[in-house]
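The file input.tsv contains TSV, C-alpha atoms:
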chain	number	residue	atom	x	y	z
A	403	MET	CA	239.90	36.86	-58.86
A	404	LYS	CA	236.19	37.67	-59.13
A	405	ILE	CA	235.38	34.14	-60.31
A	406	ARG	CA	237.35	32.64	-57.43
A	407	THR	CA	235.62	34.99	-54.96
A	408	VAL	CA	232.15	34.03	-56.19
A	409	THR	CA	233.08	30.37	-56.11
A	410	ALA	CA	234.31	30.72	-52.55
A	411	VAL	CA	231.06	32.43	-51.46
A	412	LEU	CA	228.94	29.73	-53.10
A	413	ALA	CA	231.01	27.03	-51.45
A	414	ALA	CA	230.53	28.69	-48.07
A	415	LEU	CA	226.76	28.94	-48.56
A	416	LEU	CA	226.51	25.30	-49.60
A	417	ALA	CA	228.52	24.26	-46.59
A	418	ALA	CA	226.22	26.22	-44.28
A	419	ALA	CA	223.02	24.99	-45.93
A	420	PRO	CA	222.75	21.66	-44.08
A	421	PHE	CA	222.90	23.50	-40.72
A	422	ALA	CA	220.18	25.93	-41.81
A	423	VAL	CA	217.97	23.07	-42.94
A	424	ARG	CA	218.49	21.24	-39.67
A	425	ALA	CA	217.53	24.33	-37.67
A	426	GLU	CA	214.42	24.95	-39.72
A	427	SER	CA	213.28	21.31	-39.80
A	428	PHE	CA	213.37	20.62	-36.04
A	429	PRO	CA	212.73	17.96	-35.00
A	430	SER	CA	214.60	15.68	-37.35
A	431	LYS	CA	214.82	12.67	-35.03
A	432	PRO	CA	212.83	11.15	-32.14
A	433	ILE	CA	212.52	13.16	-28.91
A	434	THR	CA	213.01	11.72	-25.42
A	435	TYR	CA	210.33	12.85	-22.96
A	436	ILE	CA	211.35	12.34	-19.31
A	437	ILE	CA	208.58	12.02	-16.72
A	438	PRO	CA	209.92	12.81	-13.22
A	439	PHE	CA	207.42	10.49	-11.51
A	440	ASP	CA	206.43	6.85	-11.54
A	441	ALA	CA	204.27	5.47	-14.32
A	442	GLY	CA	200.52	5.64	-13.84
A	443	GLY	CA	200.14	9.19	-12.58
A	444	GLU	CA	198.70	12.27	-14.29
A	445	SER	CA	202.06	13.33	-15.72
A	446	ASP	CA	202.46	9.91	-17.32
A	447	ILE	CA	198.86	9.62	-18.53
A	448	SER	CA	198.82	13.05	-20.17
A	449	ALA	CA	202.22	12.42	-21.79
A	450	ARG	CA	200.89	9.13	-23.17
A	451	PHE	CA	197.89	10.98	-24.57
A	452	GLN	CA	200.29	13.47	-26.20
A	453	GLN	CA	202.44	10.66	-27.55
A	454	THR	CA	199.65	9.54	-29.85
A	455	ASP	CA	199.64	12.90	-31.65
A	456	TRP	CA	203.30	13.88	-31.33
A	457	GLU	CA	204.41	12.33	-34.63
A	458	LYS	CA	201.33	13.64	-36.44
A	459	VAL	CA	202.14	17.20	-35.39
A	460	SER	CA	205.96	17.21	-35.47
A	461	GLY	CA	206.82	14.43	-37.92
A	462	GLN	CA	208.84	12.60	-35.25
A	463	PRO	CA	207.85	10.18	-32.48
A	464	VAL	CA	208.44	10.82	-28.80
A	465	ILE	CA	209.96	8.23	-26.44
A	466	ILE	CA	208.76	8.38	-22.82
A	467	GLN	CA	211.14	7.54	-19.98
A	468	TYR	CA	210.73	7.73	-16.21
A	469	GLN	CA	213.02	9.25	-13.59
A	470	PRO	CA	211.05	9.29	-10.32
A	471	GLY	CA	212.35	10.49	-6.99
A	472	ALA	CA	211.89	13.22	-4.37
A	473	GLY	CA	208.53	14.31	-5.76
A	474	GLY	CA	210.11	15.22	-9.10
A	475	ALA	CA	213.12	17.05	-7.65
A	476	GLN	CA	215.56	14.31	-8.56
A	477	ALA	CA	214.91	14.77	-12.27
A	478	TRP	CA	214.49	18.56	-12.19
A	479	SER	CA	217.83	18.95	-10.40
A	480	GLN	CA	219.50	17.20	-13.35
A	481	LEU	CA	217.60	18.86	-16.18
A	482	ASN	CA	220.25	21.48	-16.96
A	483	GLN	CA	222.94	18.82	-17.29
A	484	ILE	CA	221.20	17.53	-20.42
A	485	ALA	CA	222.20	18.79	-23.86
A	486	GLY	CA	220.04	21.74	-24.85
A	487	ASP	CA	219.27	20.66	-28.39
A	488	GLY	CA	215.54	20.13	-27.95
A	489	TYR	CA	215.76	16.37	-28.27
A	490	THR	CA	215.33	15.73	-24.55
A	491	ILE	CA	212.41	17.40	-22.79
A	492	MET	CA	210.99	16.89	-19.32
A	493	GLY	CA	207.61	17.01	-17.66
A	494	ILE	CA	207.29	19.86	-15.16
A	495	ASN	CA	204.72	20.64	-12.47
A	496	LEU	CA	203.41	23.61	-10.51
A	497	PRO	CA	203.35	24.29	-7.60
A	498	HIS	CA	206.02	21.63	-7.03
A	499	ILE	CA	208.87	23.61	-8.63
A	500	VAL	CA	208.05	26.64	-6.44
A	501	LEU	CA	207.37	24.87	-3.13
A	502	GLN	CA	210.26	22.39	-3.17
A	503	PRO	CA	213.11	24.95	-3.20
A	504	LEU	CA	211.40	26.85	-0.36
A	505	MET	CA	211.88	23.84	1.89
A	506	GLY	CA	215.66	23.81	1.49
A	507	SER	CA	218.25	22.50	-0.92
A	508	VAL	CA	216.69	20.22	-3.55
A	509	GLY	CA	219.38	20.61	-6.20
A	510	TYR	CA	217.66	23.35	-8.18
A	511	LYS	CA	216.00	26.74	-7.84
A	512	THR	CA	212.73	27.70	-9.50
A	513	ALA	CA	214.52	30.26	-11.68
A	514	ASP	CA	216.93	27.56	-12.94
A	515	LEU	CA	214.17	25.75	-14.80
A	516	VAL	CA	212.84	26.61	-18.27
A	517	PRO	CA	209.20	25.58	-18.70
A	518	VAL	CA	208.10	26.23	-22.29
A	519	ASN	CA	204.44	25.18	-22.13
A	520	PHE	CA	201.86	24.30	-19.46
A	521	PHE	CA	199.17	22.38	-21.31
A	522	HIS	CA	196.78	21.21	-18.60
A	523	TYR	CA	195.57	21.60	-15.04
A	524	THR	CA	194.10	19.08	-12.59
A	525	PRO	CA	192.18	20.08	-9.43
A	526	ASN	CA	192.80	18.34	-6.11
A	527	ALA	CA	190.19	16.00	-4.66
A	528	ILE	CA	189.72	13.88	-1.55
A	529	PHE	CA	189.19	10.16	-2.15
A	530	VAL	CA	188.43	7.24	0.15
A	531	PRO	CA	188.18	3.51	-0.71
A	532	LYS	CA	184.75	2.29	-1.73
A	533	ASP	CA	184.37	0.36	1.55
A	534	SER	CA	185.33	3.37	3.69
A	535	PRO	CA	182.91	4.22	6.52
A	536	TYR	CA	183.06	7.87	5.40
A	537	LYS	CA	180.33	8.56	2.87
A	538	THR	CA	180.63	12.34	2.97
A	539	LEU	CA	183.28	14.95	3.67
A	540	ALA	CA	181.37	16.02	6.76
A	541	GLU	CA	181.68	12.53	8.25
A	542	LEU	CA	185.41	12.50	7.62
A	543	VAL	CA	185.85	15.95	9.19
A	544	THR	CA	183.85	14.90	12.26
A	545	TYR	CA	186.15	11.92	12.79
A	546	ALA	CA	189.28	14.02	12.19
A	547	LYS	CA	188.22	16.59	14.80
A	548	ALA	CA	187.72	13.86	17.38
A	549	ASN	CA	190.96	12.08	16.46
A	550	PRO	CA	193.74	14.60	15.63
A	551	GLY	CA	196.38	13.18	13.32
A	552	MET	CA	194.63	9.84	12.86
A	553	VAL	CA	193.25	10.60	9.38
A	554	THR	CA	196.02	9.89	6.89
A	555	PHE	CA	196.07	11.17	3.31
A	556	ALA	CA	198.26	9.65	0.60
A	557	GLY	CA	199.53	12.22	-1.88
A	558	SER	CA	201.80	12.70	-4.85
A	559	GLY	CA	205.14	13.74	-3.38
A	560	SER	CA	206.34	16.18	-0.75
A	561	ASN	CA	205.77	19.91	-1.26
A	562	SER	CA	203.36	19.19	-4.09
A	563	ALA	CA	199.93	20.53	-4.99
A	564	ASN	CA	198.45	17.63	-3.01
A	565	GLN	CA	200.35	18.49	0.16
A	566	LEU	CA	199.58	22.19	-0.18
A	567	GLY	CA	195.89	21.35	-0.60
A	568	GLN	CA	195.91	19.05	2.43
A	569	ALA	CA	197.55	21.71	4.60
A	570	GLN	CA	195.09	24.36	3.44
A	571	PHE	CA	192.13	22.06	4.09
A	572	ASP	CA	193.36	21.30	7.63
A	573	GLN	CA	193.54	25.04	8.27
A	574	LEU	CA	190.08	25.75	6.85
A	575	ALA	CA	188.38	22.81	8.57
A	576	GLY	CA	190.14	23.29	11.91
A	577	ILE	CA	191.50	19.74	11.90
A	578	LYS	CA	194.86	17.97	11.95
A	579	THR	CA	195.42	15.20	9.40
A	580	THR	CA	198.63	13.42	8.40
A	581	TYR	CA	200.00	13.69	4.88
A	582	VAL	CA	201.88	10.64	3.53
A	583	PRO	CA	203.96	11.47	0.41
A	584	PHE	CA	204.56	8.94	-2.35
A	585	SER	CA	206.70	9.12	-5.50
A	586	GLY	CA	203.74	9.89	-7.74
A	587	THR	CA	199.98	9.60	-8.10
A	588	GLY	CA	200.18	5.92	-9.09
A	589	PRO	CA	201.75	4.70	-5.81
A	590	SER	CA	199.62	7.06	-3.71
A	591	VAL	CA	196.40	5.73	-5.24
A	592	THR	CA	197.64	2.17	-4.70
A	593	ALA	CA	198.05	3.05	-1.03
A	594	VAL	CA	194.46	4.27	-0.85
A	595	LEU	CA	193.12	1.18	-2.61
A	596	GLY	CA	195.15	-1.06	-0.31
A	597	GLY	CA	193.91	0.61	2.85
A	598	GLN	CA	197.36	1.85	3.83
A	599	THR	CA	195.90	5.31	4.42
A	600	THR	CA	192.49	6.65	5.38
A	601	GLY	CA	192.18	8.23	1.98
A	602	GLY	CA	193.98	10.27	-0.62
A	603	PHE	CA	194.48	13.96	-1.26
A	604	ASN	CA	195.01	13.28	-4.95
A	605	TYR	CA	193.99	14.79	-8.27
A	606	VAL	CA	190.46	14.55	-9.61
A	607	THR	CA	191.72	12.53	-12.59
A	608	SER	CA	192.41	9.58	-10.27
A	609	GLY	CA	188.66	9.03	-10.17
A	610	MET	CA	188.55	8.33	-13.90
A	611	ASN	CA	191.16	5.63	-13.70
A	612	GLN	CA	189.77	3.68	-10.74
A	613	GLY	CA	186.07	3.55	-11.54
A	614	ASP	CA	184.01	2.77	-8.44
A	615	ALA	CA	186.99	1.43	-6.46
A	616	MET	CA	187.30	4.84	-4.79
A	617	ARG	CA	184.73	7.40	-3.63
A	618	MET	CA	185.40	11.10	-4.28
A	619	LEU	CA	184.17	13.26	-1.39
A	620	ALA	CA	184.96	16.74	-2.75
A	621	VAL	CA	186.79	18.42	-5.61
A	622	SER	CA	188.92	21.55	-5.36
A	623	ALA	CA	187.49	23.34	-8.39
A	624	GLU	CA	185.48	26.52	-8.88
A	625	GLU	CA	182.51	24.53	-10.18
A	626	ARG	CA	181.47	20.89	-10.36
A	627	MET	CA	183.31	19.08	-13.10
A	628	PRO	CA	181.35	17.68	-16.06
A	629	ALA	CA	183.06	14.31	-15.65
A	630	PHE	CA	181.89	14.14	-11.98
A	631	PRO	CA	178.55	15.96	-11.80
A	632	ASP	CA	177.58	14.32	-8.49
A	633	VAL	CA	180.75	15.33	-6.62
A	634	PRO	CA	180.43	18.61	-4.69
A	635	THR	CA	183.14	21.25	-4.66
A	636	PHE	CA	184.84	22.23	-1.40
A	637	LYS	CA	183.24	25.65	-1.84
A	638	GLU	CA	179.77	24.13	-1.88
A	639	LEU	CA	180.59	22.42	1.39
A	640	GLY	CA	181.74	25.64	3.04
A	641	TYR	CA	185.50	25.52	2.44
A	642	ASP	CA	187.06	28.20	0.24
A	643	LEU	CA	189.52	25.78	-1.33
A	644	VAL	CA	190.43	25.81	-5.02
A	645	GLY	CA	193.72	24.37	-6.21
A	646	GLY	CA	195.62	21.68	-8.02
A	647	ALA	CA	198.55	21.20	-10.35
A	648	TYR	CA	199.64	22.63	-13.69
A	649	ARG	CA	201.65	20.25	-15.86
A	650	GLY	CA	203.77	21.03	-18.84
A	651	VAL	CA	207.07	20.62	-20.61
A	652	ALA	CA	210.50	22.05	-19.78
A	653	VAL	CA	213.85	22.10	-21.60
A	654	PRO	CA	217.46	22.54	-20.42
A	655	ALA	CA	218.54	26.14	-19.83
A	656	SER	CA	221.13	25.87	-22.63
A	657	THR	CA	218.37	25.35	-25.22
A	658	PRO	CA	218.35	28.16	-27.85
A	659	GLU	CA	215.37	30.51	-27.87
A	660	ALA	CA	214.23	29.32	-31.30
A	661	VAL	CA	214.14	25.68	-30.18
A	662	ARG	CA	212.35	26.57	-26.95
A	663	GLN	CA	209.63	28.20	-29.04
A	664	GLN	CA	209.47	25.26	-31.45
A	665	VAL	CA	208.94	22.76	-28.61
A	666	SER	CA	206.25	25.02	-27.15
A	667	ASP	CA	204.52	25.29	-30.54
A	668	ILE	CA	204.44	21.50	-30.92
A	669	VAL	CA	202.75	21.12	-27.52
A	670	THR	CA	200.23	23.84	-28.42
A	671	LYS	CA	199.39	22.14	-31.72
A	672	ILE	CA	198.89	18.81	-29.95
A	673	ASN	CA	196.50	20.59	-27.59
A	674	GLN	CA	194.40	21.53	-30.61
A	675	GLN	CA	193.95	17.97	-31.94
A	676	PRO	CA	190.30	16.86	-31.56
A	677	ASP	CA	191.19	13.32	-30.45
A	678	PHE	CA	193.63	14.64	-27.85
A	679	ILE	CA	191.07	17.11	-26.52
A	680	LYS	CA	188.51	14.33	-26.12
A	681	ARG	CA	190.97	11.99	-24.38
A	682	MET	CA	192.00	14.69	-21.93
A	683	GLN	CA	188.49	15.90	-21.15
A	684	ASP	CA	187.16	12.37	-20.78
A	685	GLY	CA	190.01	11.75	-18.35
A	686	GLY	CA	189.09	14.72	-16.17
A	687	PHE	CA	191.95	16.99	-17.27
A	688	VAL	CA	191.42	20.72	-17.77
A	689	LEU	CA	193.24	21.91	-20.90
A	690	THR	CA	195.32	25.09	-20.79
A	691	ASP	CA	197.55	26.74	-23.39
A	692	ILE	CA	200.30	28.69	-21.66
A	693	GLY	CA	203.03	28.90	-24.27
A	694	TYR	CA	206.62	30.08	-24.16
A	695	LYS	CA	205.82	33.72	-24.91
A	696	GLN	CA	203.36	33.87	-22.00
A	697	MET	CA	205.63	31.95	-19.63
A	698	PRO	CA	207.56	34.82	-17.96
A	699	ASP	CA	204.43	36.66	-16.81
A	700	PHE	CA	202.67	33.42	-15.86
A	701	MET	CA	205.60	32.22	-13.74
A	702	VAL	CA	205.87	35.55	-11.94
A	703	ARG	CA	202.17	35.43	-11.01
A	704	GLN	CA	202.18	31.80	-9.95
A	705	THR	CA	205.42	32.08	-7.99
A	706	LYS	CA	204.06	35.00	-5.97
A	707	GLU	CA	200.81	33.13	-5.31
A	708	TYR	CA	202.50	29.92	-4.18
A	709	GLU	CA	205.11	31.70	-2.09
A	710	ALA	CA	202.34	33.57	-0.27
A	711	GLY	CA	200.46	30.33	0.34
A	712	ALA	CA	203.61	28.57	1.51
A	713	LYS	CA	204.45	31.35	3.95
A	714	ALA	CA	200.97	31.28	5.45
A	715	LEU	CA	201.31	27.51	5.92
A	716	GLY	CA	204.77	27.71	7.49
A	717	ILE	CA	206.66	26.36	4.47
A	718	GLY	CA	210.05	27.93	3.91
A	719	ASN	CA	211.78	30.59	5.94
Can you give me the file's structure in the form of structure tokens?
Amino acid sequence: MKIRTVTAVLAALLAAAPFAVRAESFPSKPITYIIPFDAGGESDISARFQQTDWEKVSGQPVIIQYQPGAGGAQAWSQLNQIAGDGYTIMGINLPHIVLQPLMGSVGYKTADLVPVNFFHYTPNAIFVPKDSPYKTLAELVTYAKANPGMVTFAGSGSNSANQLGQAQFDQLAGIKTTYVPFSGTGPSVTAVLGGQTTGGFNYVTSGMNQGDAMRMLAVSAEERMPAFPDVPTFKELGYDLVGGAYRGVAVPASTPEAVRQQVSDIVTKINQQPDFIKRMQDGGFVLTDIGYKQMPDFMVRQTKEYEAGAKALGIGN
């Protein structure tokens, strides 16, 4: 009886071993990384930068796919329908995921989503085409005051960091401009370059990708950015405006805690790779490292901040 009992225990352990190995060796196959915007924007560019180091850090490659629509809401509303095994992750943005649900039904609530790591931040900036008659922000403001609503700004989606920044700037400058949402930074920059709008309320990183095709009038950062030493901050120009977007990675709500942490750790390790750091900094991105353990407190703080800003601007109830 004792021999049979020991044999049965060993058999059970051997049977369970493959599952233990699989849990400990995550990931054991390629990961699909969904970007909820069009190709060419900051979410796409930063994910492509990550892609180079993903296999080095995790042992598995990452496959990038796109699911644009509704400023990211189309993809985020479907995130929790995906299997929570860690093998499908999704790009996620702040303040988008706080502002969008405040405007009404978008298919998800902020609390439904599970961000596991925010790995960078990009300040807002105002751009105009290189042949624009506006050489300075002051010239643009002067025209906007004389022509309410005639200055149009292309931006990355509705209820995004770009739209929040545009609304705040209108309030601070005492002007009325018109925000034109696109399905991502790529299409919004194309609109600026094509003269479809007066300019763009985009992210500072757009300046790195377009060279001298666009002129940056001001950046919404605390201090001038090393990549753009000649571009003044809004604060320098008399407007107390600092803001932009955090970008990171989210997983379905059904994802186990251990896997959530593992995905977060991979993103953190990629953030520490020298080549990745250089690519991001050269591109105008500001690296952050807000991992899964810090996420609850971070989300509480940011949600309160964005809800307060949205209320002051008439967004939501």
For A:Ile494, list every protein, DNA or RNA residue within 6 Å, evaluated using all atoms listed in the file, and leave out those in the same chain fewer than 3 positions away; present the list as a list of chain:residue names.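 Using all atoms listed in the file, the neighbours found are A:Arg649, A:Gly650, A:Val651.
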Go ahead and dump the residues you just picked, C-alpha atoms, as a compact mmCIF listing (two decimals), keeping the file's coordinate frame.
# COMPACT_ATOMS: atom_id res chain seq x y z
CA ARG A 649 201.65 20.25 -15.86
CA GLY A 650 203.77 21.03 -18.84
CA VAL A 651 207.07 20.62 -20.61
At most 7 Å from (201.6, 6.4, -10.8), file frame, only C-alpha atoms: which residues, as a PyMOL selection string? chain A and resi 440-443+586-589
For atom CA of A:Thr670 and atom CA of A:Gln696, determine how far apart the two atoms are, in Å to one decimal place.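 Atom CA of A:Gln696 lies 12.3 Å from atom CA of A:Thr670.
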Might you pull out every residue within 12 Å of A:Asp632, with all atoms listed in the file counted and same-chain residues fewer than 5 positions away left off, and present them as a list in words?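 Those residues are Arg617, Met618, Leu619, Ala620, Val621, Glu625, Arg626 and Met627 of chain A.
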Restricting the calculation to all atoms listed in the file, which member of A:Ile692, A:Met552, A:Ile577, A:Ala623 is positioned closest to A:Asn673?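 Checking each of A:Ile692, A:Met552, A:Ile577, A:Ala623 against A:Asn673, counting all atoms listed in the file, the winner is A:Ile692.
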Give me the box for stretch 445-452 of chain A as JSON, namely the centre and edge lengths in Å to one decimal of a box along x, y and z that holds every listed atom plus 5 Å on each side.
{"center_x": 200.2, "center_y": 11.3, "center_z": -21.0, "size_x": 14.6, "size_y": 14.3, "size_z": 20.5}
Restricting the calculation to only C-alpha atoms: of A:Ser560, A:Gln663, A:Gln480, A:Ser445, which residue gets closest to A:Ala647?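 Comparing A:Ser560, A:Gln663, A:Gln480, A:Ser445 against A:Ala647, the winner is A:Ser445.
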For A:Leu515, which residue out of A:Val594, A:Ala475, A:Met682, A:Ala540 is the nearest one, using only C-alpha atoms?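 Going through A:Val594, A:Ala475, A:Met682, A:Ala540 one by one, the smallest distance to A:Leu515 is for A:Ala475.
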Write out as a PyMOL selection string which residues come within 10 Å of stretch 447-454 of chain A when counting all atoms listed in the file, dropping same-chain ones fewer than 3 positions away. chain A and resi 435-437+441-444+457-459+463-466+493+521-522+607+611+649-651+669+672-673+675+677-679+681-682+685+687
Just save stretch 431-443 of chain A with N, CA and C atoms, as a CSV table (one decimal), in the first residue's frame.
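Output file part.csv is given in full below:
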chain,number,residue,atom,x,y,z
A,431,LYS,N,5.9,31.7,-25.7
A,431,LYS,CA,5.5,31.9,-27.1
A,431,LYS,C,5.4,33.4,-27.4
A,432,PRO,N,5.3,33.8,-28.7
A,432,PRO,CA,5.2,35.2,-29.0
A,432,PRO,C,4.0,35.9,-28.4
A,433,ILE,N,4.1,37.1,-28.1
A,433,ILE,CA,3.1,38.0,-27.6
A,433,ILE,C,2.5,38.9,-28.6
A,434,THR,N,1.2,39.1,-28.6
A,434,THR,CA,0.6,40.0,-29.5
A,434,THR,C,0.4,41.3,-28.8
A,435,TYR,N,0.8,42.4,-29.4
A,435,TYR,CA,0.8,43.7,-28.8
A,435,TYR,C,-0.2,44.6,-29.6
A,436,ILE,N,-1.4,44.9,-29.1
A,436,ILE,CA,-2.4,45.7,-29.8
A,436,ILE,C,-2.2,47.1,-29.6
A,437,ILE,N,-2.1,47.9,-30.6
A,437,ILE,CA,-2.0,49.4,-30.5
A,437,ILE,C,-3.4,49.9,-30.9
A,438,PRO,N,-4.1,50.7,-30.0
A,438,PRO,CA,-5.4,51.1,-30.3
A,438,PRO,C,-5.5,52.4,-31.2
A,439,PHE,N,-4.5,52.7,-31.9
A,439,PHE,CA,-4.4,53.8,-32.8
A,439,PHE,C,-3.9,53.4,-34.2
A,440,ASP,N,-3.9,54.3,-35.1
A,440,ASP,CA,-3.2,54.1,-36.4
A,440,ASP,C,-1.7,54.0,-36.2
A,441,ALA,N,-1.1,53.4,-37.2
A,441,ALA,CA,0.4,53.4,-37.3
A,441,ALA,C,0.9,54.8,-37.5
A,442,GLY,N,2.1,55.0,-36.9
A,442,GLY,CA,2.8,56.3,-37.1
A,442,GLY,C,2.7,57.3,-35.9
A,443,GLY,N,1.9,57.0,-34.9
A,443,GLY,CA,1.8,57.8,-33.8
A,443,GLY,C,2.7,57.4,-32.7
